[in-house]
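Listing of run.tsv; format and content: TSV, C-alpha atoms.
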chain	number	residue	atom	x	y	z
K	1	MET	CA	94.63	104.95	135.97
K	2	LYS	CA	98.19	103.71	136.40
K	3	ILE	CA	99.73	104.01	132.94
K	4	ALA	CA	103.04	103.03	131.32
K	5	ALA	CA	103.74	105.69	128.71
K	6	LEU	CA	106.17	104.75	125.95
K	7	ILE	CA	108.02	107.88	124.84
K	8	SER	CA	110.56	108.39	122.08
K	9	GLY	CA	111.82	111.94	122.48
K	10	GLY	CA	109.48	113.13	119.73
K	11	VAL	CA	106.67	115.64	119.94
K	12	ASP	CA	103.86	113.09	119.54
K	13	SER	CA	104.66	111.02	122.62
K	14	ALA	CA	105.41	114.22	124.59
K	15	VAL	CA	101.96	115.63	123.85
K	16	ALA	CA	100.44	112.23	124.68
K	17	VAL	CA	102.10	112.55	128.10
K	18	HIS	CA	100.75	116.09	128.51
K	19	GLN	CA	97.21	114.97	127.68
K	20	MET	CA	97.32	112.13	130.21
K	21	VAL	CA	98.74	114.36	132.94
K	22	GLU	CA	95.90	116.82	132.29
K	23	GLN	CA	93.45	113.93	132.68
K	24	GLY	CA	94.92	113.05	136.05
K	25	HIS	CA	96.47	109.68	135.25
K	26	ASP	CA	99.37	108.20	137.24
K	27	LEU	CA	102.21	107.91	134.70
K	28	THR	CA	105.55	106.18	134.52
K	29	LEU	CA	107.54	107.00	131.40
K	30	PHE	CA	109.52	104.33	129.54
K	31	TYR	CA	112.12	104.69	126.81
K	32	ILE	CA	113.03	101.44	125.03
K	33	ARG	CA	116.69	101.41	124.10
K	34	ILE	CA	118.05	99.39	121.19
K	35	GLY	CA	121.79	99.44	120.52
K	36	ARG	CA	123.25	99.59	117.04
K	37	ASP	CA	124.40	96.40	115.37
K	38	ASP	CA	127.94	97.63	114.67
K	39	GLY	CA	128.85	98.25	118.30
K	40	GLU	CA	129.22	102.01	117.81
K	41	GLY	CA	127.56	104.57	120.05
K	42	ASP	CA	124.10	105.72	119.06
K	43	CYS	CA	124.10	109.52	119.18
K	44	SER	CA	120.45	109.79	118.16
K	45	ALA	CA	119.44	107.55	121.09
K	46	GLU	CA	121.37	109.77	123.52
K	47	GLU	CA	119.60	112.83	122.13
K	48	ASP	CA	116.24	111.07	122.45
K	49	ILE	CA	116.91	110.07	126.06
K	50	GLU	CA	117.92	113.64	126.96
K	51	MET	CA	114.65	114.88	125.49
K	52	CYS	CA	112.70	112.22	127.40
K	53	GLN	CA	114.45	113.32	130.62
K	54	CYS	CA	113.34	116.89	129.94
K	55	ILE	CA	109.73	115.78	129.55
K	56	ALA	CA	109.93	113.68	132.72
K	57	GLN	CA	111.36	116.61	134.69
K	58	ARG	CA	108.80	119.00	133.24
K	59	TYR	CA	105.91	116.94	134.61
K	60	GLY	CA	107.67	115.46	137.65
K	61	LEU	CA	107.33	111.89	136.36
K	62	PRO	CA	109.61	108.87	136.74
K	63	LEU	CA	111.48	107.76	133.60
K	64	GLU	CA	112.88	104.28	133.09
K	65	VAL	CA	115.28	103.51	130.22
K	66	VAL	CA	114.85	99.81	129.48
K	67	SER	CA	116.82	97.66	127.06
K	68	LEU	CA	115.38	95.20	124.56
K	69	HIS	CA	118.51	95.11	122.44
K	70	GLN	CA	118.91	91.36	122.08
K	71	GLU	CA	115.19	90.77	121.60
K	72	TYR	CA	115.08	93.35	118.83
K	73	TRP	CA	118.01	91.92	116.88
K	74	ASP	CA	116.98	88.30	117.44
K	75	ASN	CA	113.44	88.92	116.24
K	76	VAL	CA	112.71	92.07	114.25
K	77	MET	CA	116.01	92.47	112.42
K	78	ASP	CA	116.45	88.74	111.96
K	79	TYR	CA	113.04	88.75	110.26
K	80	ALA	CA	113.97	91.77	108.13
K	81	LEU	CA	117.31	90.36	106.95
K	82	ARG	CA	115.89	86.89	106.32
K	83	THR	CA	113.00	88.35	104.30
K	84	VAL	CA	115.28	90.61	102.24
K	85	LYS	CA	117.61	87.71	101.48
K	86	GLU	CA	114.62	85.75	100.16
K	87	GLY	CA	113.94	88.59	97.72
K	88	LEU	CA	110.87	89.79	99.59
K	89	THR	CA	109.94	93.21	100.99
K	90	PRO	CA	109.76	93.27	104.81
K	91	ASN	CA	108.12	95.79	107.11
K	92	PRO	CA	110.22	95.97	110.30
K	93	ASP	CA	107.97	98.65	111.83
K	94	ILE	CA	104.95	96.34	111.86
K	95	MET	CA	106.96	93.56	113.47
K	96	CYS	CA	108.56	95.96	115.94
K	97	ASN	CA	105.17	97.02	117.28
K	98	GLN	CA	103.92	93.45	117.52
K	99	MET	CA	107.03	91.85	119.04
K	100	ILE	CA	108.93	94.61	120.88
K	101	LYS	CA	106.77	97.56	121.98
K	102	PHE	CA	103.66	95.52	122.69
K	103	GLY	CA	105.31	92.12	123.02
K	104	PHE	CA	108.45	91.89	125.15
K	105	PHE	CA	107.84	95.28	126.78
K	106	GLU	CA	104.34	94.27	127.85
K	107	GLU	CA	105.53	90.93	129.20
K	108	ARG	CA	108.27	92.48	131.33
K	109	TRP	CA	107.00	95.91	132.33
K	110	GLY	CA	103.68	96.93	130.81
K	111	HIS	CA	101.57	94.20	132.44
K	112	GLU	CA	102.12	95.85	135.82
K	113	PHE	CA	100.06	98.86	134.68
K	114	ASP	CA	96.39	99.37	133.86
K	115	ARG	CA	97.25	100.52	130.35
K	116	THR	CA	100.19	101.19	128.06
K	117	ALA	CA	99.99	104.47	126.15
K	118	THR	CA	101.88	105.60	123.04
K	119	GLY	CA	101.99	108.55	120.69
K	120	HIS	CA	100.67	106.53	117.73
K	121	TYR	CA	98.07	108.12	115.51
K	122	ALA	CA	95.27	105.59	115.97
K	123	THR	CA	92.06	105.22	117.96
K	124	ILE	CA	90.07	102.41	119.56
K	125	THR	CA	86.36	101.87	118.93
K	126	GLU	CA	84.10	99.75	121.13
K	127	ARG	CA	81.45	97.78	119.28
K	128	ASP	CA	79.45	94.70	120.23
K	129	GLY	CA	81.33	94.57	123.52
K	130	LEU	CA	84.69	94.35	121.75
K	131	LYS	CA	87.51	96.79	121.06
K	132	TRP	CA	88.50	97.47	117.46
K	133	LEU	CA	91.62	99.22	116.18
K	134	SER	CA	90.38	102.31	114.36
K	135	THR	CA	91.93	104.98	112.18
K	136	ALA	CA	93.11	108.36	113.41
K	137	VAL	CA	91.37	111.66	112.77
K	138	ASP	CA	94.36	112.76	110.68
K	139	PRO	CA	94.49	110.46	107.60
K	140	VAL	CA	97.97	111.67	106.63
K	141	LYS	CA	99.44	110.70	110.00
K	142	ASP	CA	97.32	107.59	110.56
K	143	GLN	CA	99.53	104.70	111.76
K	144	THR	CA	97.06	101.84	111.99
K	145	ASP	CA	98.91	100.09	109.17
K	146	PHE	CA	101.94	99.82	111.48
K	147	LEU	CA	99.70	98.32	114.19
K	148	ALA	CA	97.88	95.82	111.98
K	149	ARG	CA	99.72	92.76	113.34
K	150	ILE	CA	99.03	93.23	117.05
K	151	SER	CA	96.80	90.82	118.97
K	152	TYR	CA	93.51	91.52	120.68
K	153	LYS	CA	95.19	91.10	124.07
K	154	GLN	CA	97.74	93.76	123.11
K	155	LEU	CA	95.08	96.13	121.73
K	156	SER	CA	92.97	95.77	124.89
K	157	HIS	CA	95.83	97.13	127.00
K	158	LEU	CA	96.62	100.14	124.80
K	159	MET	CA	95.76	103.84	124.81
K	160	PHE	CA	96.35	106.32	121.99
K	161	PRO	CA	95.91	109.77	123.60
K	162	ILE	CA	96.50	111.82	120.43
K	163	GLY	CA	94.72	109.65	117.88
K	164	ASP	CA	91.72	111.96	117.87
K	165	MET	CA	93.82	115.05	117.02
K	166	PRO	CA	95.23	116.31	113.72
K	167	LYS	CA	99.00	116.68	113.74
K	168	SER	CA	98.67	120.46	113.49
K	169	HIS	CA	96.82	120.51	116.82
K	170	VAL	CA	99.48	118.30	118.44
K	171	ARG	CA	102.12	120.85	117.38
K	172	GLU	CA	99.97	123.69	118.69
K	173	ILE	CA	99.69	122.05	122.11
K	174	ALA	CA	103.44	121.43	122.19
K	175	MET	CA	104.15	125.06	121.35
K	176	ALA	CA	101.54	126.40	123.76
K	177	GLN	CA	103.03	124.31	126.57
K	178	ARG	CA	106.55	125.22	125.48
K	179	LEU	CA	107.62	121.61	125.35
K	180	PRO	CA	111.33	121.24	124.56
K	181	ASN	CA	110.63	119.18	121.44
K	182	ALA	CA	107.79	121.32	120.09
K	183	TYR	CA	109.70	122.05	116.88
K	184	ARG	CA	111.57	118.75	116.59
K	185	LYS	CA	111.21	117.06	113.22
K	186	ASP	CA	109.41	113.72	112.96
K	187	SER	CA	111.56	110.61	112.80
K	188	GLN	CA	111.84	109.03	109.35
K	189	GLY	CA	113.91	105.99	110.30
K	190	ILE	CA	113.00	102.33	110.65
K	191	CYS	CA	111.54	101.84	114.12
K	192	PHE	CA	114.47	102.06	116.55
K	193	LEU	CA	117.17	102.30	113.88
K	194	GLY	CA	116.72	106.04	113.62
K	195	LYS	CA	119.15	107.79	111.29
K	196	ILE	CA	121.00	104.68	110.14
K	197	ASN	CA	121.43	104.36	106.36
K	198	TYR	CA	119.32	101.40	105.24
K	199	ASN	CA	121.63	100.36	102.39
K	200	ASP	CA	124.67	100.52	104.67
K	201	PHE	CA	122.85	98.33	107.15
K	202	ILE	CA	121.94	95.75	104.46
K	203	ARG	CA	125.47	95.84	103.02
K	204	ARG	CA	126.99	95.20	106.44
K	205	HIS	CA	124.93	92.04	106.90
K	206	LEU	CA	124.42	90.67	103.38
K	207	GLY	CA	127.39	92.14	101.52
K	208	GLU	CA	127.38	92.91	97.80
K	209	LYS	CA	127.02	90.74	94.72
K	210	LYS	CA	126.92	92.33	91.29
K	211	GLY	CA	124.17	91.34	88.91
K	212	PRO	CA	122.46	92.60	85.75
K	213	ILE	CA	119.74	95.22	85.44
K	214	ILE	CA	117.59	94.07	82.52
K	215	GLU	CA	114.84	95.83	80.60
K	216	LEU	CA	111.83	93.54	80.94
K	217	GLU	CA	110.35	94.21	77.51
K	218	THR	CA	113.53	93.75	75.46
K	219	GLY	CA	115.80	91.60	77.61
K	220	LYS	CA	118.56	94.19	77.11
K	221	LYS	CA	121.11	94.62	79.88
K	222	LEU	CA	121.08	98.27	80.97
K	223	GLY	CA	123.57	98.20	83.81
K	224	GLU	CA	124.58	96.44	87.01
K	225	HIS	CA	123.40	96.43	90.60
K	226	HIS	CA	125.16	95.38	93.80
K	227	GLY	CA	122.69	92.73	94.96
K	228	TYR	CA	118.98	92.12	94.50
K	229	TRP	CA	118.53	92.61	98.27
K	230	PHE	CA	119.07	96.36	97.84
K	231	HIS	CA	116.00	96.65	95.60
K	232	THR	CA	112.25	96.23	95.92
K	233	ILE	CA	109.36	96.01	93.47
K	234	GLY	CA	108.11	99.50	92.56
K	235	GLN	CA	111.45	101.18	93.33
K	236	ARG	CA	112.45	104.09	91.10
K	237	LYS	CA	115.38	105.83	92.79
K	238	GLY	CA	118.86	104.44	93.26
K	239	LEU	CA	119.13	102.41	90.06
K	240	GLY	CA	121.79	104.59	88.43
K	241	LEU	CA	120.16	104.40	84.97
K	242	SER	CA	119.79	107.27	82.50
K	243	GLY	CA	116.85	107.93	80.20
K	244	GLY	CA	114.25	107.03	82.80
K	245	PRO	CA	112.26	106.97	84.90
K	246	TRP	CA	112.92	103.27	85.40
K	247	TYR	CA	110.97	101.11	87.84
K	248	VAL	CA	111.89	97.75	89.31
K	249	VAL	CA	109.09	95.42	88.20
K	250	ARG	CA	110.56	91.96	88.82
K	251	LYS	CA	113.43	90.21	90.58
K	252	ASN	CA	115.09	86.87	89.86
K	253	VAL	CA	116.68	85.80	93.13
K	254	HIS	CA	118.29	82.67	91.64
K	255	ASP	CA	120.09	84.65	88.93
K	256	ASN	CA	120.53	87.83	91.02
K	257	ALA	CA	118.83	89.80	88.22
K	258	ILE	CA	116.72	92.96	88.47
K	259	TYR	CA	114.13	93.65	85.76
K	260	VAL	CA	113.03	97.20	85.07
K	261	SER	CA	110.49	98.98	82.88
K	262	ARG	CA	110.59	102.58	81.69
K	263	GLY	CA	108.03	105.37	82.02
K	264	TYR	CA	105.87	106.89	84.71
K	265	ASP	CA	102.80	105.14	83.35
K	266	THR	CA	104.24	101.75	82.48
K	267	ASP	CA	101.59	99.17	83.22
K	268	LYS	CA	104.30	96.80	84.41
K	269	GLN	CA	104.52	98.65	87.75
K	270	TYR	CA	100.80	98.33	88.45
K	271	GLY	CA	98.45	95.53	89.37
K	272	ARG	CA	94.99	94.98	90.80
K	273	GLU	CA	95.16	91.57	92.45
K	274	LEU	CA	96.86	90.74	95.72
K	275	LEU	CA	96.98	87.31	97.35
K	276	LEU	CA	97.33	87.37	101.14
K	277	ASP	CA	98.79	84.54	103.19
K	278	ASP	CA	98.99	84.22	106.99
K	279	MET	CA	95.96	86.46	107.44
K	280	ARG	CA	95.59	87.62	111.06
K	281	PHE	CA	92.60	89.46	112.46
K	282	ILE	CA	93.16	91.75	115.45
K	283	THR	CA	89.77	91.50	117.18
K	284	ALA	CA	87.77	88.91	115.25
K	285	ASP	CA	87.23	87.54	111.76
K	286	PRO	CA	84.34	89.76	110.58
K	287	TRP	CA	83.28	87.41	107.74
K	288	GLY	CA	84.18	83.82	108.54
K	289	GLU	CA	83.53	81.25	105.81
K	290	ASP	CA	81.18	83.68	104.02
K	291	CYS	CA	83.98	86.00	102.93
K	292	LYS	CA	83.20	86.42	99.25
K	293	ASP	CA	83.43	89.71	97.33
K	294	VAL	CA	83.17	91.74	100.54
K	295	GLU	CA	83.65	95.49	100.09
K	296	VAL	CA	86.74	96.72	101.95
K	297	THR	CA	89.57	99.23	101.70
K	298	PHE	CA	93.25	98.40	102.11
K	299	LYS	CA	96.86	99.59	102.10
K	300	ASN	CA	99.96	97.74	100.95
K	301	ARG	CA	102.40	100.45	102.07
K	302	HIS	CA	102.37	103.44	104.44
K	303	THR	CA	100.31	106.05	102.64
K	304	PRO	CA	97.33	108.33	103.40
K	305	THR	CA	95.36	106.59	100.65
K	306	PHE	CA	92.90	103.80	101.44
K	307	MET	CA	92.23	101.84	98.26
K	308	PRO	CA	88.80	100.29	97.59
K	309	ALA	CA	88.66	96.57	96.89
K	310	THR	CA	86.72	93.36	97.38
K	311	ILE	CA	88.09	90.47	99.43
K	312	THR	CA	87.39	86.76	99.05
K	313	ARG	CA	88.60	83.80	101.09
K	314	GLU	CA	89.85	81.09	98.75
K	315	PRO	CA	89.41	77.35	99.49
K	316	SER	CA	93.19	77.23	100.02
K	317	GLY	CA	92.87	79.62	102.97
K	318	LEU	CA	94.49	82.50	101.09
K	319	TYR	CA	92.61	85.78	100.77
K	320	ARG	CA	92.26	87.39	97.36
K	321	LEU	CA	92.09	91.19	97.22
K	322	GLU	CA	90.78	92.64	93.98
K	323	SER	CA	91.51	96.34	93.94
K	324	LYS	CA	89.21	98.75	92.14
K	325	VAL	CA	92.13	101.01	91.32
K	326	ASP	CA	95.64	100.38	90.00
K	327	VAL	CA	98.11	99.51	92.76
K	328	GLN	CA	101.74	100.55	92.26
K	329	GLY	CA	104.60	98.31	93.29
K	330	ILE	CA	102.89	95.18	94.65
K	331	ALA	CA	105.77	93.33	96.30
K	332	PRO	CA	105.69	89.87	97.89
K	333	GLY	CA	106.49	90.12	101.58
K	334	GLN	CA	104.62	93.39	102.05
K	335	PHE	CA	101.62	93.40	104.37
K	336	GLY	CA	98.18	93.95	102.93
K	337	VAL	CA	96.31	95.82	105.68
K	338	ILE	CA	92.52	95.40	105.57
K	339	TYR	CA	89.93	97.98	106.68
K	340	ASP	CA	86.16	98.17	106.48
K	341	LYS	CA	84.70	99.86	103.42
K	342	ASP	CA	84.56	103.22	105.24
K	343	SER	CA	88.29	103.05	106.16
K	344	ARG	CA	87.39	103.28	109.82
K	345	ILE	CA	88.07	99.88	111.38
K	346	CYS	CA	91.38	98.08	110.82
K	347	TYR	CA	90.55	94.37	110.79
K	348	GLY	CA	94.06	92.98	110.41
K	349	SER	CA	96.63	92.06	107.78
K	350	GLY	CA	98.05	89.33	105.60
K	351	VAL	CA	101.38	88.83	103.85
K	352	ILE	CA	101.38	89.43	100.09
K	353	THR	CA	102.41	86.29	98.25
K	354	LEU	CA	102.74	85.25	94.61

In structure tokens, how does this file's structure come out?
Amino acid sequence: MKIAALISGGVDSAVAVHQMVEQGHDLTLFYIRIGRDDGEGDCSAEEDIEMCQCIAQRYGLPLEVVSLHQEYWDNVMDYALRTVKEGLTPNPDIMCNQMIKFGFFEERWGHEFDRTATGHYATITERDGLKWLSTAVDPVKDQTDFLARISYKQLSHLMFPIGDMPKSHVREIAMAQRLPNAYRKDSQGICFLGKINYNDFIRRHLGEKKGPIIELETGKKLGEHHGYWFHTIGQRKGLGLSGGPWYVVRKNVHDNAIYVSRGYDTDKQYGRELLLDDMRFITADPWGEDCKDVEVTFKNRHTPTFMPATITREPSGLYRLESKVDVQGIAPGQFGVIYDKDSRICYGSGVITL
């Protein structure tokens, strides 16, 4: 097949390329470049491109560096900043996959190929004549939660060559093939933002505004913060308070106030009910109007843990998730990602609302 392979300079996409070359596919490599918002040079991007060039040369493949700078800032980061300013918790990585990697890229370049391949840890299952996004063999590296907002059209054009491998095996292949990035550390940044400091980024766009940090149970002011937009529900680090641990359990956007509760086991940081708005199914709605107390598993943040729950469609159109275990840090704006009860098929996602 004629395949567009999205590569990042990391070991996962490099091994994905190796696997497809071994299978005899006709590959063109693509690196999507996104410039920084402050106009400064992006050293990490230059390093990534150099690594991608090494992989291209190693296998004798063409490499195209394409820019989606404006599209990224007009869509993904506009969404992130708007959501943060509203006091919500965004997930730029989910939106980046939906709108940039499998949105604008597909429209401009990917559609010319039989498939687009990435180094994501995910798989695709065929059932009842349809394709379903499915979890990776390695539950720790599984990235289906970052893909839970893509459309069926996007899924149908994708390949995940390493989704059926544990990460340890991916590293082994990279070392055995002496790939130049075999020992390179995994990226921990937000999508294309790489090594940028998240708080510096937020400060540059939203500024600072001092407000009180208040103990929820007593109403006592414990300190000050520099703006509610720097904090999210469930956050423990970065509060600057002694005598903790302290967790952010509530925010008052109108008054620019952060409410905290103390203790690792404070019940204020846990909940069991999540309401989901704007529910989107990737392949199909598996339940329709009969969605009542259906056994599922879910995630509300990137974690190896799939939490058991039941899901019900309310008359309002919202979906109510009732978790069977305590859920830490339920934050409006997060995505609730829904799986079947065996944590195998990723059905889709909704936005957590109050």

(request) Name all residues at most 10 Å from Lys153 in chain K (count only C-alpha atoms; drop same-chain ones fewer than 6 positions away) and give them as a list of chain:residue names. (result)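 Surrounding residues, per the criterion: K:Phe102, K:Ile282, K:Thr283.
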
(request) Calculate how many Å separate CA of Gly348 in chain K from CA of Val248 in chain K, rounding to one decimal. (result)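 The value is 28.0 Å.
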
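CA of Lys2 in chain K lies 5.3 Å from CA of Asp114 in chain K.
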
(message) Residues within 9 Å of Arg272 in chain K, please, as a list in words. Count only C-alpha atoms; anything in the same chain fewer than 2 positions from it doesn't count.
(response)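 Once the nearby chain positions are removed, what remains is Tyr270, Leu274, Ala309, Leu321, Glu322, Ser323, Lys324, Val325, Asp326, Val327, Gln328 and Ile330 of chain K.
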
(request) Provide the CA of Leu88 in chain K to CA of Thr305 in chain K distance in Å, to one decimal place. (result)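 That distance, rounded to one decimal, is 22.9 Å.
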
Write out as a tab-separated table the residues of range 281-342 of chain K that have any atom within 12 Å of an atom of range 214-234 of chain K, one row each with the nearest atom pair and its distance in Å to one decimal, counting only C-alpha atoms, sorted by chain and then rising number.
residue	atom	partner	partner_atom	distance
K:Asn300	CA	K:Gly234	CA	11.8
K:Arg301	CA	K:Gly234	CA	11.1
K:Val327	CA	K:Gly234	CA	10.0
K:Gln328	CA	K:Gly234	CA	6.5
K:Gly329	CA	K:Gly234	CA	3.8
K:Ile330	CA	K:Ile233	CA	6.6
K:Ala331	CA	K:Ile233	CA	5.3
K:Pro332	CA	K:Ile233	CA	8.4
K:Gly333	CA	K:Thr232	CA	10.1
K:Gln334	CA	K:Ile233	CA	10.1

Produce the centre coordinates and the three edge lengths, each in Å to one decimal, of the box along x, y and z that contains all listed atoms of range 20-32 of chain K with 3 Å added on each side, as AutoDock Vina command-line options.
--center_x 103.2 --center_y 109.1 --center_z 131.1 --size_x 25.6 --size_y 21.4 --size_z 18.2

(request) Rank K:Met279, K:Ile258, K:Ile338, K:Ala80 by their smallest atom-to-atom distance to Met307 in chain K, using only C-alpha atoms, and report the top residue only. (result)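 Result for the nearest residue to Met307 in chain K: K:Ile338.
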
(message) I want to know what sits within 7 Å of Arg262 in chain K, based on all atoms listed in the file, with residues of the same chain fewer than 4 positions away left out; could you give that as a ChimeraX atom specification?
(response) /K:244-247,266

(request) Have a look at K:Leu63, K:Val21, K:Leu354, K:Met159 and name the one nearest to Glu273 in chain K; count only C-alpha atoms. (result)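 So, comparing all the options, the nearest one is K:Leu354.
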
(request) Identify which of the residues K:Gly103, K:Thr116, K:Lys85, K:Gln23 lies closest to Lys209 in chain K, counting all atoms listed in the file when measuring atom-to-atom distances. (result)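 Comparing K:Gly103, K:Thr116, K:Lys85, K:Gln23 against Lys209 in chain K, the winner is K:Lys85.
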
(request) Pick out the residues sitting within 10 Å of Gly110 in chain K, and hand them over as a VMD selection string; count all atoms listed in the file, and ignore anything fewer than 6 positions along from it in its own chain. (result) chain K and resid 3 to 6 30 101 to 104 116 to 117 157 to 158

(request) Within 9 Å of range 179-181 of chain K, counting all atoms listed in the file, which residues show up once you throw out same-chain ones fewer than 6 positions away? Write them as a PyMOL selection string, please. (result) chain K and resi 9-11+14-15+51+54-55+58+173

(request) Select, from K:Leu133, K:Ile352, K:Cys96, K:Leu318, the residue with the minimum atom-to-atom distance to Lys299 in chain K, counting all atoms listed in the file. (result)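 With all atoms listed in the file as the atom set, the closest residue is K:Ile352.
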
(message) Considering all atoms listed in the file, can you say which of K:Ile124, K:Ile150, K:Ile162, K:Val84 comes closest to Phe201 in chain K?
(response) K:Val84

(request) List every protein, DNA or RNA residue with an atom no more than 10 Å from (88.5, 90.2, 103.9) in the file's coordinates, counting only C-alpha atoms, and format the result as a PyMOL selection string. (result) chain K and resi 276+279+281+285-288+290-298+309-313+319-321+337-340+347-350

Selection file, C-alpha atoms, as a PDB file, keeping the file's coordinate frame:
ATOM      1  CA  LEU K 276      97.330  87.370 101.140  1.00  0.00           C
ATOM      2  CA  MET K 279      95.960  86.460 107.440  1.00  0.00           C
ATOM      3  CA  PHE K 281      92.600  89.460 112.460  1.00  0.00           C
ATOM      4  CA  ASP K 285      87.230  87.540 111.760  1.00  0.00           C
ATOM      5  CA  PRO K 286      84.340  89.760 110.580  1.00  0.00           C
ATOM      6  CA  TRP K 287      83.280  87.410 107.740  1.00  0.00           C
ATOM      7  CA  GLY K 288      84.180  83.820 108.540  1.00  0.00           C
ATOM      8  CA  ASP K 290      81.180  83.680 104.020  1.00  0.00           C
ATOM      9  CA  CYS K 291      83.980  86.000 102.930  1.00  0.00           C
ATOM     10  CA  LYS K 292      83.200  86.420  99.250  1.00  0.00           C
ATOM     11  CA  ASP K 293      83.430  89.710  97.330  1.00  0.00           C
ATOM     12  CA  VAL K 294      83.170  91.740 100.540  1.00  0.00           C
ATOM     13  CA  GLU K 295      83.650  95.490 100.090  1.00  0.00           C
ATOM     14  CA  VAL K 296      86.740  96.720 101.950  1.00  0.00           C
ATOM     15  CA  THR K 297      89.570  99.230 101.700  1.00  0.00           C
ATOM     16  CA  PHE K 298      93.250  98.400 102.110  1.00  0.00           C
ATOM     17  CA  ALA K 309      88.660  96.570  96.890  1.00  0.00           C
ATOM     18  CA  THR K 310      86.720  93.360  97.380  1.00  0.00           C
ATOM     19  CA  ILE K 311      88.090  90.470  99.430  1.00  0.00           C
ATOM     20  CA  THR K 312      87.390  86.760  99.050  1.00  0.00           C
ATOM     21  CA  ARG K 313      88.600  83.800 101.090  1.00  0.00           C
ATOM     22  CA  TYR K 319      92.610  85.780 100.770  1.00  0.00           C
ATOM     23  CA  ARG K 320      92.260  87.390  97.360  1.00  0.00           C
ATOM     24  CA  LEU K 321      92.090  91.190  97.220  1.00  0.00           C
ATOM     25  CA  VAL K 337      96.310  95.820 105.680  1.00  0.00           C
ATOM     26  CA  ILE K 338      92.520  95.400 105.570  1.00  0.00           C
ATOM     27  CA  TYR K 339      89.930  97.980 106.680  1.00  0.00           C
ATOM     28  CA  ASP K 340      86.160  98.170 106.480  1.00  0.00           C
ATOM     29  CA  TYR K 347      90.550  94.370 110.790  1.00  0.00           C
ATOM     30  CA  GLY K 348      94.060  92.980 110.410  1.00  0.00           C
ATOM     31  CA  SER K 349      96.630  92.060 107.780  1.00  0.00           C
ATOM     32  CA  GLY K 350      98.050  89.330 105.600  1.00  0.00           C
TER      33      GLY K 350
END
